[in-house]
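For reference, the structure is listed below as structure tokens.
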Amino acid sequence: MVRRVAVIGAGAGGLVSVKCCLDEGLEPTCFESSEDIGGVWRYTDSTDSGRVSVYRSVITNTSKEMSCFSDFPFPEDFPSYLSHSLVLEYFRMYARHFNLLQHIRFQTTVLSVRKCPDFSSSGQWEVVTETDGVRESHVFDAVMVCTGHYQEPYLPLASFPGIENRFQGQKLHSREYRDVQAFRGKRVLVVGIGNTGGDLSVELSRVAAKVFLSTRSNTWVISRVSHHGFPFDMVSTTRCNHLLEWLLPSALIRKIKFRKFNSWFNHTNYGLASSKSSKFKMIINEELPFCLLSGTVVLKPNVKEFTESSAIFEDGTTEENIDVVLFATGYNFSFPFLEESVRSAIDDNRSLYNCVFPPQLEKPTLAIIGLIQLTGSIMVGSEMQARWVTGVFAGWNKLPPPSRMMAEVLKRKPPAKRNPHERENLKMSFISYMDKIAACAGVKPSVWRLLLTDPQLALAIFFGPCSPYQYRLVGQGRWSGARAAILSQWQRTLQPLRTRLVGDNSNSSCGWCWMCLLALPAALTAGFLFSKYPQPGWSPWA
């Protein structure tokens, strides 16, 4: 029976894993190599430690109501989108509230995690750690790896001829970026148009002589601010939208999305994306379109090669006098402390059962937390994983036999190995994945049942944001404050804006509420009927 659990890392995933272990009556010991909690969200000026952290100006891409742990809302006075300092403050509040710090051993590095000799019967692991040069060996019943996927910078220099042996300027990865001071007056080429590449291009454009942004991808740019000024993810991430995306043909959904994206600005005119492309990604950035429009950022195709001071692009154009090349090309994950037989089997999260459990192990006592990319908050997804995993460890959640888990993994995994920079391959629908893991953990809410017992809450759950509180309404870990948190989430969103009150004659419409109440049974019935003839892929009832 599992009792003692090793948790590796005290970032968001590690903190919530410790808390979930305590909820299940387990005994967690968390090992954190640095001197504090927070993981990547604990900003430091130095880049020498090898620890990855966010840059100084970073702001969250997901709103506070869609990013919080499910039984601990962000303070009402926190803004909807948060700086790294506020995220870290929230982590500290969470750790204090649930008394987590006493279970964390700081400045302790995990050197190795290996199966005990009797693993096939005991499922135990030998964990070797080092603190101040002193090594210790421990035996744990289970291990939760919470080091995330922002670990080793991915720097594809081999894909850019001349960057290593000819280019005379400075080259660096975005991991080394902290602020704009070192780039003042320089001509900077940013390679990669993910969220980081977009953010850094905009920020650098304020002080650099010129910023060029190179991309090989079709990219749609969306704003954090959506209809009527509400956060984009609160408006778009709803069960109603999720059901529509499942019911309607994917080509029609894509057309609707492209039309919506282009209603802000025409992405083809800006060289960002074509509505004819079936492969694309989305980034969050309110300022990039204006920077492109004002010429402070110039969009370029993929780099073909570098000379001593210039970049030659695939369309034949050349930009001269490049001072700095900044690679915003993402990260690779790695688990160097895991024994080779386990580590070599993890290519990406598709090698794991439900992106968590290595299926080849005789005993399911190793879990990888947070190795996911969702269309919503990774923090929320990590918490759901931790709740499910600790339920498995405690014995009340059951996994299929290893053979079934392996078959499931092989079904999901493509035959070709993923290129490290293609992170979009790992991205999954937030609601689909959350509902899938919630169903495994026995905490998925039933909209049908709520429609009969609590129509007001059913409306809020179906038509409103799919916020984390929904997964605390039923099952193990049920939270008595979940209903109130769901019904007051819009109020908490608007509260930080109430710094200057103005007159407003608009009132909430009772007619709209009645229309939603009538539409909900029809939508659910349609979903039920269509589920009898499922489309390939996912289902809203998963």
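FYI, nothing fancy with the structure tokens labels: chains A, B, ... in order, residues from 1 per chain, ligands from 1 as they appear.
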
Residue contacts of Phe78 in chain A (12 Å, only C-alpha atoms) excluding same-chain residues fewer than 2 positions away, as a list in words: Ser63, Lys64, Glu65, Cys68, Pro73, Phe74, Pro75, Glu76, Ser80, Tyr81, Leu82, Ser83, Ser85, Leu86, Val87, Glu89, Tyr90, Arg492, Thr493, Leu494, Gln495, Pro496, Leu497 and Arg498 of chain A

As a compact mmCIF listing (two decimals) with all heavy atoms, in the first residue's frame, please: all residues of range 350-392 of chain A that backbone DSSP puts in helix (DSSP H, G or I).
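The new file out01.txt reads:
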# COMPACT_ATOMS: atom_id res chain seq x y z
N ARG A 350 2.53 11.69 -25.06
CA ARG A 350 1.76 10.62 -25.68
C ARG A 350 2.32 9.24 -25.34
O ARG A 350 1.70 8.23 -25.65
CB ARG A 350 1.71 10.84 -27.19
CG ARG A 350 0.85 12.03 -27.59
CD ARG A 350 1.00 12.40 -29.03
NE ARG A 350 2.36 12.84 -29.33
CZ ARG A 350 2.70 13.43 -30.48
NH1 ARG A 350 1.80 13.63 -31.40
NH2 ARG A 350 3.95 13.80 -30.68
N SER A 351 3.51 9.23 -24.72
CA SER A 351 4.08 7.96 -24.26
C SER A 351 3.50 7.55 -22.92
O SER A 351 3.84 6.48 -22.41
CB SER A 351 5.60 8.10 -24.13
OG SER A 351 6.18 8.54 -25.32
N ILE A 378 -2.27 25.31 -17.64
CA ILE A 378 -1.55 24.10 -17.26
C ILE A 378 -1.64 23.87 -15.76
O ILE A 378 -1.67 22.73 -15.29
CB ILE A 378 -0.08 24.19 -17.71
CG1 ILE A 378 0.00 24.31 -19.23
CG2 ILE A 378 0.71 22.98 -17.25
CD1 ILE A 378 1.40 24.52 -19.75
N MET A 379 -1.69 24.95 -14.98
CA MET A 379 -1.81 24.81 -13.53
C MET A 379 -3.06 24.03 -13.15
O MET A 379 -3.03 23.13 -12.31
CB MET A 379 -1.87 26.20 -12.87
CG MET A 379 -0.54 26.88 -12.71
SD MET A 379 -0.71 28.62 -12.21
CE MET A 379 -1.84 28.51 -10.83
N VAL A 380 -4.16 24.36 -13.80
CA VAL A 380 -5.43 23.68 -13.52
C VAL A 380 -5.36 22.23 -13.95
O VAL A 380 -5.83 21.32 -13.25
CB VAL A 380 -6.59 24.42 -14.21
CG1 VAL A 380 -7.90 23.70 -14.00
CG2 VAL A 380 -6.69 25.85 -13.69
N GLY A 381 -4.78 21.99 -15.13
CA GLY A 381 -4.62 20.61 -15.60
C GLY A 381 -3.74 19.79 -14.68
O GLY A 381 -4.02 18.61 -14.42
N SER A 382 -2.67 20.41 -14.16
CA SER A 382 -1.78 19.71 -13.25
C SER A 382 -2.49 19.33 -11.96
O SER A 382 -2.27 18.25 -11.41
CB SER A 382 -0.56 20.59 -12.94
OG SER A 382 0.19 20.85 -14.10
N GLU A 383 -3.33 20.23 -11.47
CA GLU A 383 -4.08 19.92 -10.25
C GLU A 383 -5.01 18.73 -10.47
O GLU A 383 -5.11 17.83 -9.62
CB GLU A 383 -4.89 21.13 -9.78
CG GLU A 383 -5.62 20.85 -8.47
CD GLU A 383 -6.72 21.85 -8.17
OE1 GLU A 383 -7.28 22.44 -9.11
OE2 GLU A 383 -7.04 22.02 -6.97
N MET A 384 -5.69 18.70 -11.61
CA MET A 384 -6.59 17.58 -11.88
C MET A 384 -5.81 16.27 -11.98
O MET A 384 -6.24 15.22 -11.47
CB MET A 384 -7.37 17.83 -13.17
CG MET A 384 -8.36 16.74 -13.52
SD MET A 384 -9.56 16.42 -12.20
CE MET A 384 -10.50 17.95 -12.26
N GLN A 385 -4.65 16.31 -12.61
CA GLN A 385 -3.80 15.13 -12.67
C GLN A 385 -3.42 14.66 -11.26
O GLN A 385 -3.48 13.47 -10.94
CB GLN A 385 -2.53 15.43 -13.47
CG GLN A 385 -2.73 15.60 -14.96
CD GLN A 385 -1.43 15.92 -15.67
OE1 GLN A 385 -0.53 16.54 -15.10
NE2 GLN A 385 -1.31 15.53 -16.93
N ALA A 386 -3.02 15.61 -10.41
CA ALA A 386 -2.58 15.27 -9.06
C ALA A 386 -3.72 14.67 -8.24
O ALA A 386 -3.51 13.73 -7.46
CB ALA A 386 -2.02 16.51 -8.36
N ARG A 387 -4.93 15.18 -8.41
CA ARG A 387 -6.08 14.62 -7.69
C ARG A 387 -6.33 13.17 -8.11
O ARG A 387 -6.60 12.30 -7.28
CB ARG A 387 -7.33 15.48 -7.95
CG ARG A 387 -7.27 16.86 -7.34
CD ARG A 387 -8.50 17.67 -7.69
NE ARG A 387 -9.70 17.11 -7.06
CZ ARG A 387 -10.94 17.53 -7.35
NH1 ARG A 387 -11.13 18.46 -8.27
NH2 ARG A 387 -11.97 16.99 -6.74
N TRP A 388 -6.25 12.93 -9.42
CA TRP A 388 -6.46 11.57 -9.92
C TRP A 388 -5.35 10.63 -9.44
O TRP A 388 -5.61 9.53 -8.95
CB TRP A 388 -6.52 11.61 -11.45
CG TRP A 388 -6.60 10.26 -12.11
CD1 TRP A 388 -7.41 9.22 -11.75
CD2 TRP A 388 -5.86 9.82 -13.25
NE1 TRP A 388 -7.22 8.16 -12.61
CE2 TRP A 388 -6.28 8.50 -13.54
CE3 TRP A 388 -4.91 10.43 -14.07
CZ2 TRP A 388 -5.75 7.78 -14.61
CZ3 TRP A 388 -4.39 9.71 -15.13
CH2 TRP A 388 -4.81 8.39 -15.39
N VAL A 389 -4.11 11.08 -9.56
CA VAL A 389 -2.96 10.25 -9.20
C VAL A 389 -3.00 9.88 -7.72
O VAL A 389 -2.80 8.71 -7.35
CB VAL A 389 -1.65 10.98 -9.55
CG1 VAL A 389 -0.46 10.31 -8.88
CG2 VAL A 389 -1.45 11.03 -11.06
N THR A 390 -3.23 10.86 -6.85
CA THR A 390 -3.24 10.55 -5.42
C THR A 390 -4.41 9.65 -5.05
O THR A 390 -4.32 8.86 -4.11
CB THR A 390 -3.27 11.84 -4.58
OG1 THR A 390 -4.34 12.69 -5.03
CG2 THR A 390 -1.96 12.60 -4.71
N GLY A 391 -5.51 9.73 -5.82
CA GLY A 391 -6.60 8.78 -5.63
C GLY A 391 -6.19 7.37 -5.99
O GLY A 391 -6.57 6.39 -5.33
N VAL A 392 -5.38 7.25 -7.06
CA VAL A 392 -4.84 5.93 -7.44
C VAL A 392 -3.91 5.42 -6.34
O VAL A 392 -3.98 4.25 -5.92
CB VAL A 392 -4.10 6.02 -8.78
CG1 VAL A 392 -3.34 4.72 -9.08
CG2 VAL A 392 -5.07 6.32 -9.92

Residue neighbourhood Leu326 in chain A, 8 Å, only C-alpha atoms, exclusion window fewer than 4 positions, as a list in words: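 Surrounding residues, per the criterion: Lys171, Leu172, His173, Ser174, Val188, Leu189, Val190 and Val191 of chain A.
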
What would the file look like if the residues just selected were written as a PDB file, in the first residue's frame with N, CA and C atoms?
ATOM      1  N   LYS A 171      24.155  35.720 -30.094  1.00  0.00           N
ATOM      2  CA  LYS A 171      23.010  34.800 -30.207  1.00  0.00           C
ATOM      3  C   LYS A 171      22.688  34.268 -28.819  1.00  0.00           C
ATOM      4  N   LEU A 172      21.406  34.191 -28.520  1.00  0.00           N
ATOM      5  CA  LEU A 172      20.979  33.698 -27.214  1.00  0.00           C
ATOM      6  C   LEU A 172      19.576  33.132 -27.292  1.00  0.00           C
ATOM      7  N   HIS A 173      19.235  32.325 -26.295  1.00  0.00           N
ATOM      8  CA  HIS A 173      17.900  31.750 -26.179  1.00  0.00           C
ATOM      9  C   HIS A 173      17.061  32.647 -25.270  1.00  0.00           C
ATOM     10  N   SER A 174      15.755  32.610 -25.444  1.00  0.00           N
ATOM     11  CA  SER A 174      14.871  33.464 -24.637  1.00  0.00           C
ATOM     12  C   SER A 174      14.990  33.179 -23.142  1.00  0.00           C
ATOM     13  N   VAL A 188      17.632  43.642 -33.877  1.00  0.00           N
ATOM     14  CA  VAL A 188      17.409  42.337 -33.260  1.00  0.00           C
ATOM     15  C   VAL A 188      16.541  41.477 -34.168  1.00  0.00           C
ATOM     16  N   LEU A 189      16.956  40.223 -34.342  1.00  0.00           N
ATOM     17  CA  LEU A 189      16.144  39.238 -35.054  1.00  0.00           C
ATOM     18  C   LEU A 189      15.625  38.223 -34.041  1.00  0.00           C
ATOM     19  N   VAL A 190      14.320  38.134 -33.899  1.00  0.00           N
ATOM     20  CA  VAL A 190      13.690  37.151 -33.024  1.00  0.00           C
ATOM     21  C   VAL A 190      13.238  35.976 -33.892  1.00  0.00           C
ATOM     22  N   VAL A 191      13.674  34.776 -33.536  1.00  0.00           N
ATOM     23  CA  VAL A 191      13.326  33.575 -34.292  1.00  0.00           C
ATOM     24  C   VAL A 191      12.288  32.788 -33.500  1.00  0.00           C
TER      25      VAL A 191
END

Residues near Ile346 in chain A, cut-off 12 Å, only C-alpha atoms, skip fewer than 3 positions along chain, as a list in words: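 Here the answer would be Phe333, Ser334, Phe335, Pro336, Leu338, Glu339, Glu340, Ser341, Val342, Arg343, Asn349, Arg350, Ser351, Leu352, Tyr353, Cys355, Val356, Phe357, Pro358, Pro359, Gln360, Ala367, Ile368, Leu371, Val409, Lys413, Lys417 and Arg418 of chain A.
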
Could the residues in this selection be saved with N, CA, C and O atoms as an mmCIF file, in the first residue's frame?
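The result, written out as part.cif:
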data_model
loop_
_atom_site.group_PDB
_atom_site.id
_atom_site.type_symbol
_atom_site.label_atom_id
_atom_site.label_comp_id
_atom_site.auth_asym_id
_atom_site.auth_seq_id
_atom_site.Cartn_x
_atom_site.Cartn_y
_atom_site.Cartn_z
ATOM 1 N N PHE A 333 11.792 18.881 -22.556
ATOM 2 C CA PHE A 333 11.713 18.344 -21.200
ATOM 3 C C PHE A 333 12.735 17.219 -21.062
ATOM 4 O O PHE A 333 13.145 16.602 -22.042
ATOM 5 N N SER A 334 13.153 16.974 -19.844
ATOM 6 C CA SER A 334 14.051 15.856 -19.585
ATOM 7 C C SER A 334 13.913 15.446 -18.132
ATOM 8 O O SER A 334 13.587 16.261 -17.272
ATOM 9 N N PHE A 335 14.137 14.184 -17.881
ATOM 10 C CA PHE A 335 14.092 13.647 -16.522
ATOM 11 C C PHE A 335 15.388 12.881 -16.268
ATOM 12 O O PHE A 335 15.403 11.651 -16.199
ATOM 13 N N PRO A 336 16.510 13.590 -16.132
ATOM 14 C CA PRO A 336 17.811 12.915 -16.047
ATOM 15 C C PRO A 336 17.961 12.030 -14.813
ATOM 16 O O PRO A 336 18.801 11.131 -14.788
ATOM 17 N N LEU A 338 15.644 9.965 -13.628
ATOM 18 C CA LEU A 338 14.946 8.683 -13.757
ATOM 19 C C LEU A 338 15.875 7.627 -14.329
ATOM 20 O O LEU A 338 16.722 7.919 -15.182
ATOM 21 N N GLU A 339 15.695 6.403 -13.904
ATOM 22 C CA GLU A 339 16.527 5.336 -14.444
ATOM 23 C C GLU A 339 16.256 5.173 -15.935
ATOM 24 O O GLU A 339 15.165 5.451 -16.443
ATOM 25 N N GLU A 340 17.271 4.707 -16.656
ATOM 26 C CA GLU A 340 17.253 4.689 -18.107
ATOM 27 C C GLU A 340 16.051 3.932 -18.671
ATOM 28 O O GLU A 340 15.444 4.354 -19.656
ATOM 29 N N SER A 341 15.682 2.809 -18.070
ATOM 30 C CA SER A 341 14.586 2.001 -18.614
ATOM 31 C C SER A 341 13.270 2.765 -18.618
ATOM 32 O O SER A 341 12.412 2.539 -19.473
ATOM 33 N N VAL A 342 13.109 3.669 -17.677
ATOM 34 C CA VAL A 342 11.887 4.477 -17.613
ATOM 35 C C VAL A 342 12.030 5.719 -18.481
ATOM 36 O O VAL A 342 11.141 6.056 -19.274
ATOM 37 N N ARG A 343 13.161 6.402 -18.361
ATOM 38 C CA ARG A 343 13.378 7.662 -19.081
ATOM 39 C C ARG A 343 13.322 7.471 -20.591
ATOM 40 O O ARG A 343 12.735 8.278 -21.316
ATOM 41 N N ASN A 349 4.355 13.431 -23.992
ATOM 42 C CA ASN A 349 3.247 13.008 -23.123
ATOM 43 C C ASN A 349 2.376 11.928 -23.740
ATOM 44 O O ASN A 349 1.589 11.287 -23.048
ATOM 45 N N ARG A 350 2.529 11.692 -25.055
ATOM 46 C CA ARG A 350 1.758 10.616 -25.681
ATOM 47 C C ARG A 350 2.322 9.244 -25.344
ATOM 48 O O ARG A 350 1.704 8.230 -25.651
ATOM 49 N N SER A 351 3.505 9.231 -24.723
ATOM 50 C CA SER A 351 4.081 7.962 -24.265
ATOM 51 C C SER A 351 3.502 7.550 -22.917
ATOM 52 O O SER A 351 3.837 6.476 -22.409
ATOM 53 N N LEU A 352 2.662 8.400 -22.335
ATOM 54 C CA LEU A 352 2.127 8.181 -20.994
ATOM 55 C C LEU A 352 0.629 7.930 -21.056
ATOM 56 O O LEU A 352 -0.077 8.551 -21.873
ATOM 57 N N TYR A 353 0.130 7.067 -20.207
ATOM 58 C CA TYR A 353 -1.304 6.819 -20.146
ATOM 59 C C TYR A 353 -1.992 8.065 -19.598
ATOM 60 O O TYR A 353 -1.704 8.523 -18.490
ATOM 61 N N CYS A 355 -1.393 10.933 -20.370
ATOM 62 C CA CYS A 355 -0.333 11.937 -20.204
ATOM 63 C C CYS A 355 0.228 11.972 -18.789
ATOM 64 O O CYS A 355 0.818 12.981 -18.377
ATOM 65 N N VAL A 356 0.099 10.868 -18.040
ATOM 66 C CA VAL A 356 0.522 10.857 -16.633
ATOM 67 C C VAL A 356 1.353 9.622 -16.287
ATOM 68 O O VAL A 356 2.468 9.723 -15.784
ATOM 69 N N PHE A 357 0.811 8.432 -16.524
ATOM 70 C CA PHE A 357 1.424 7.199 -16.029
ATOM 71 C C PHE A 357 2.216 6.482 -17.122
ATOM 72 O O PHE A 357 1.667 6.204 -18.197
ATOM 73 N N PRO A 358 3.511 6.151 -16.877
ATOM 74 C CA PRO A 358 4.229 5.266 -17.802
ATOM 75 C C PRO A 358 3.557 3.892 -17.791
ATOM 76 O O PRO A 358 3.504 3.227 -16.756
ATOM 77 N N PRO A 359 3.024 3.437 -18.916
ATOM 78 C CA PRO A 359 2.183 2.234 -18.907
ATOM 79 C C PRO A 359 2.948 0.930 -18.773
ATOM 80 O O PRO A 359 2.362 -0.101 -18.472
ATOM 81 N N GLN A 360 4.269 0.971 -18.986
ATOM 82 C CA GLN A 360 5.036 -0.274 -19.002
ATOM 83 C C GLN A 360 5.425 -0.751 -17.608
ATOM 84 O O GLN A 360 5.943 -1.866 -17.453
ATOM 85 N N ALA A 367 4.269 8.873 -11.403
ATOM 86 C CA ALA A 367 3.382 9.749 -12.168
ATOM 87 C C ALA A 367 4.144 10.992 -12.600
ATOM 88 O O ALA A 367 4.933 11.554 -11.834
ATOM 89 N N ILE A 368 3.905 11.418 -13.839
ATOM 90 C CA ILE A 368 4.502 12.638 -14.380
ATOM 91 C C ILE A 368 3.405 13.704 -14.380
ATOM 92 O O ILE A 368 2.396 13.559 -15.075
ATOM 93 N N LEU A 371 3.186 17.560 -17.625
ATOM 94 C CA LEU A 371 3.778 17.429 -18.956
ATOM 95 C C LEU A 371 2.661 17.497 -19.997
ATOM 96 O O LEU A 371 2.384 16.553 -20.730
ATOM 97 N N VAL A 409 -1.985 3.866 -25.225
ATOM 98 C CA VAL A 409 -0.865 4.743 -25.571
ATOM 99 C C VAL A 409 -0.449 4.540 -27.022
ATOM 100 O O VAL A 409 -0.238 5.510 -27.763
ATOM 101 N N LYS A 413 -0.255 7.365 -30.077
ATOM 102 C CA LYS A 413 1.085 7.801 -30.464
ATOM 103 C C LYS A 413 1.305 7.647 -31.956
ATOM 104 O O LYS A 413 1.077 6.580 -32.516
ATOM 105 N N LYS A 417 8.577 10.176 -34.990
ATOM 106 C CA LYS A 417 8.997 10.875 -33.772
ATOM 107 C C LYS A 417 8.819 12.372 -33.942
ATOM 108 O O LYS A 417 9.104 12.939 -34.991
ATOM 109 N N ARG A 418 8.367 13.018 -32.899
ATOM 110 C CA ARG A 418 8.085 14.450 -32.918
ATOM 111 C C ARG A 418 9.370 15.267 -33.005
ATOM 112 O O ARG A 418 10.353 14.966 -32.360
#

Pairwise distance for CA of Asp348 in chain A and CA of Ile431 in chain A, rounded to one decimal in Å: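 A separation of 20.7 Å between them.
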
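Here the question is which of A:Asn61, A:Gln470, A:Thr219, A:Ser250 gets nearest to Leu272 in chain A using only C-alpha atoms, and that residue is A:Thr219.
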
Best match for closeness to Leu155 in chain A among A:Leu293, A:Gln170, A:Gly330, A:Lys363, counting only C-alpha atoms: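 Smallest distance to Leu155 in chain A is found for A:Gly330.
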
Show which residues sit within 10 Å of Val303 in chain A, as a PDB file with C-alpha atoms, in the first residue's frame. Count only C-alpha atoms, and ignore same-chain residues fewer than 4 positions away.
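For reference, selection23.pdb as written:
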ATOM      1  CA  SER A 159      18.749  24.321 -38.757  1.00  0.00           C
ATOM      2  CA  PHE A 160      20.355  27.723 -39.455  1.00  0.00           C
ATOM      3  CA  PRO A 161      23.573  27.420 -41.499  1.00  0.00           C
ATOM      4  CA  LEU A 189      16.144  39.238 -35.054  1.00  0.00           C
ATOM      5  CA  VAL A 191      13.326  33.575 -34.292  1.00  0.00           C
ATOM      6  CA  SER A 214      10.994  35.352 -38.224  1.00  0.00           C
ATOM      7  CA  THR A 215       8.402  32.580 -38.429  1.00  0.00           C
ATOM      8  CA  ARG A 216       7.740  29.460 -40.455  1.00  0.00           C
ATOM      9  CA  ALA A 311      20.274  37.060 -42.196  1.00  0.00           C
ATOM     10  CA  ILE A 312      19.132  35.660 -45.530  1.00  0.00           C
ATOM     11  CA  PHE A 313      15.518  34.492 -45.556  1.00  0.00           C
ATOM     12  CA  GLU A 314      13.770  31.777 -47.555  1.00  0.00           C
ATOM     13  CA  ASP A 315      12.018  34.330 -49.778  1.00  0.00           C
ATOM     14  CA  GLY A 316      15.422  35.620 -50.939  1.00  0.00           C
ATOM     15  CA  THR A 317      15.374  38.856 -48.935  1.00  0.00           C
ATOM     16  CA  THR A 318      18.277  39.891 -46.708  1.00  0.00           C
TER      17      THR A 318
END

Atom-to-atom span, CA of Val235 in chain A and CA of Asp77 in chain A, Å: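 So the two atoms, CA of Val235 in chain A and CA of Asp77 in chain A, lie 20.4 Å apart.
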
Distance criterion (only C-alpha atoms): nearest to Phe280 in chain A out of A:Asp179, A:His228, A:Asn218, A:Phe337: A:Asn218

Nearest to Phe327 in chain A by atom-to-atom distance, counting only C-alpha atoms, from A:Glu32, A:Asp141, A:Glu176, A:Asp347: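 When distances to Phe327 in chain A are compared using only C-alpha atoms, the smallest one comes from A:Glu176.
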
Å distance separating CA of Met428 in chain A from CA of Thr375 in chain A, one decimal place: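 So the answer is 6.2 Å.
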
Backbone-only DSSP, strand (DSSP E or B) members of range 187-301 of chain A, as a VMD selection string: chain A and resid 187 to 191 210 to 214 219 to 222 225 231 238 281 to 284 297 to 300

Name all residues at most 9 Å from Ile437 in chain A (count only C-alpha atoms; drop same-chain ones fewer than 2 positions away) and give them as a compact mmCIF listing (two decimals) with all heavy atoms, in the first residue's frame.
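Wrote result.txt, looks like this:
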# COMPACT_ATOMS: atom_id res chain seq x y z
N ASN A 354 -2.89 8.63 -20.40
CA ASN A 354 -3.56 9.89 -20.07
C ASN A 354 -2.56 10.99 -19.73
O ASN A 354 -2.83 11.87 -18.91
CB ASN A 354 -4.55 9.70 -18.92
CG ASN A 354 -5.82 9.00 -19.36
OD1 ASN A 354 -6.09 8.88 -20.56
ND2 ASN A 354 -6.60 8.51 -18.41
N GLY A 381 -4.78 21.99 -15.13
CA GLY A 381 -4.62 20.61 -15.60
C GLY A 381 -3.74 19.79 -14.68
O GLY A 381 -4.02 18.61 -14.42
N MET A 384 -5.69 18.70 -11.61
CA MET A 384 -6.59 17.58 -11.88
C MET A 384 -5.81 16.27 -11.98
O MET A 384 -6.24 15.22 -11.47
CB MET A 384 -7.37 17.83 -13.17
CG MET A 384 -8.36 16.74 -13.52
SD MET A 384 -9.56 16.42 -12.20
CE MET A 384 -10.50 17.95 -12.26
N GLN A 385 -4.65 16.31 -12.61
CA GLN A 385 -3.80 15.13 -12.67
C GLN A 385 -3.42 14.66 -11.26
O GLN A 385 -3.48 13.47 -10.94
CB GLN A 385 -2.53 15.43 -13.47
CG GLN A 385 -2.73 15.60 -14.96
CD GLN A 385 -1.43 15.92 -15.67
OE1 GLN A 385 -0.53 16.54 -15.10
NE2 GLN A 385 -1.31 15.53 -16.93
N TRP A 388 -6.25 12.93 -9.42
CA TRP A 388 -6.46 11.57 -9.92
C TRP A 388 -5.35 10.63 -9.44
O TRP A 388 -5.61 9.53 -8.95
CB TRP A 388 -6.52 11.61 -11.45
CG TRP A 388 -6.60 10.26 -12.11
CD1 TRP A 388 -7.41 9.22 -11.75
CD2 TRP A 388 -5.86 9.82 -13.25
NE1 TRP A 388 -7.22 8.16 -12.61
CE2 TRP A 388 -6.28 8.50 -13.54
CE3 TRP A 388 -4.91 10.43 -14.07
CZ2 TRP A 388 -5.75 7.78 -14.61
CZ3 TRP A 388 -4.39 9.71 -15.13
CH2 TRP A 388 -4.81 8.39 -15.39
N SER A 432 -11.89 18.93 -22.93
CA SER A 432 -11.82 17.49 -23.22
C SER A 432 -10.91 16.78 -22.24
O SER A 432 -11.26 15.74 -21.66
CB SER A 432 -11.31 17.25 -24.64
OG SER A 432 -12.25 17.67 -25.59
N TYR A 433 -9.72 17.34 -22.04
CA TYR A 433 -8.76 16.68 -21.16
C TYR A 433 -9.20 16.74 -19.70
O TYR A 433 -9.11 15.74 -18.97
CB TYR A 433 -7.37 17.30 -21.32
CG TYR A 433 -6.32 16.55 -20.53
CD1 TYR A 433 -5.86 15.31 -20.97
CD2 TYR A 433 -5.80 17.06 -19.34
CE1 TYR A 433 -4.91 14.60 -20.24
CE2 TYR A 433 -4.84 16.36 -18.62
CZ TYR A 433 -4.40 15.13 -19.07
OH TYR A 433 -3.48 14.43 -18.35
N MET A 434 -9.67 17.89 -19.27
CA MET A 434 -10.12 18.03 -17.88
C MET A 434 -11.26 17.06 -17.58
O MET A 434 -11.28 16.39 -16.53
CB MET A 434 -10.55 19.46 -17.60
CG MET A 434 -9.40 20.46 -17.52
SD MET A 434 -8.36 20.23 -16.06
CE MET A 434 -9.48 20.77 -14.78
N ASP A 435 -12.22 16.98 -18.50
CA ASP A 435 -13.35 16.07 -18.27
C ASP A 435 -12.91 14.61 -18.27
O ASP A 435 -13.44 13.79 -17.51
CB ASP A 435 -14.42 16.29 -19.35
CG ASP A 435 -15.36 17.44 -19.02
OD1 ASP A 435 -15.19 18.06 -17.96
OD2 ASP A 435 -16.25 17.73 -19.84
N ALA A 439 -13.39 12.41 -15.02
CA ALA A 439 -14.19 11.18 -15.03
C ALA A 439 -13.40 10.03 -14.41
O ALA A 439 -13.96 9.21 -13.66
CB ALA A 439 -14.59 10.84 -16.47
N CYS A 440 -12.10 9.96 -14.70
CA CYS A 440 -11.26 8.92 -14.08
C CYS A 440 -11.22 9.09 -12.56
O CYS A 440 -11.19 8.10 -11.82
CB CYS A 440 -9.84 8.99 -14.64
SG CYS A 440 -9.68 8.55 -16.38
N ALA A 441 -11.21 10.34 -12.12
CA ALA A 441 -11.13 10.61 -10.68
C ALA A 441 -12.48 10.63 -10.00
O ALA A 441 -12.56 10.77 -8.77
CB ALA A 441 -10.42 11.96 -10.46
N GLY A 442 -13.57 10.51 -10.77
CA GLY A 442 -14.91 10.52 -10.19
C GLY A 442 -15.38 11.88 -9.74
O GLY A 442 -16.21 11.99 -8.84
N VAL A 443 -14.89 12.96 -10.40
CA VAL A 443 -15.26 14.31 -9.97
C VAL A 443 -15.84 15.15 -11.11
O VAL A 443 -15.97 16.37 -10.98
CB VAL A 443 -14.04 15.04 -9.35
CG1 VAL A 443 -13.56 14.31 -8.11
CG2 VAL A 443 -12.91 15.21 -10.35
N LYS A 444 -16.21 14.52 -12.22
CA LYS A 444 -16.78 15.26 -13.33
C LYS A 444 -18.23 15.63 -13.02
O LYS A 444 -19.03 14.77 -12.67
CB LYS A 444 -16.72 14.44 -14.61
CG LYS A 444 -17.28 15.16 -15.83
CD LYS A 444 -17.31 14.25 -17.05
CE LYS A 444 -18.04 14.93 -18.20
NZ LYS A 444 -18.21 14.03 -19.35

Contacts of Met66 in chain A at 10 Å (only C-alpha atoms; same-chain gap of 6+ positions) as a VMD selection string: chain A and resid 73 to 74 80 231 233 to 234 237 376 to 377 379 to 380 465 to 469 489

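Distances to Val447 in chain A were evaluated for A:Ala273, A:Cys291, A:Met406, A:Val474 using only C-alpha atoms, and the minimum falls at A:Val474.
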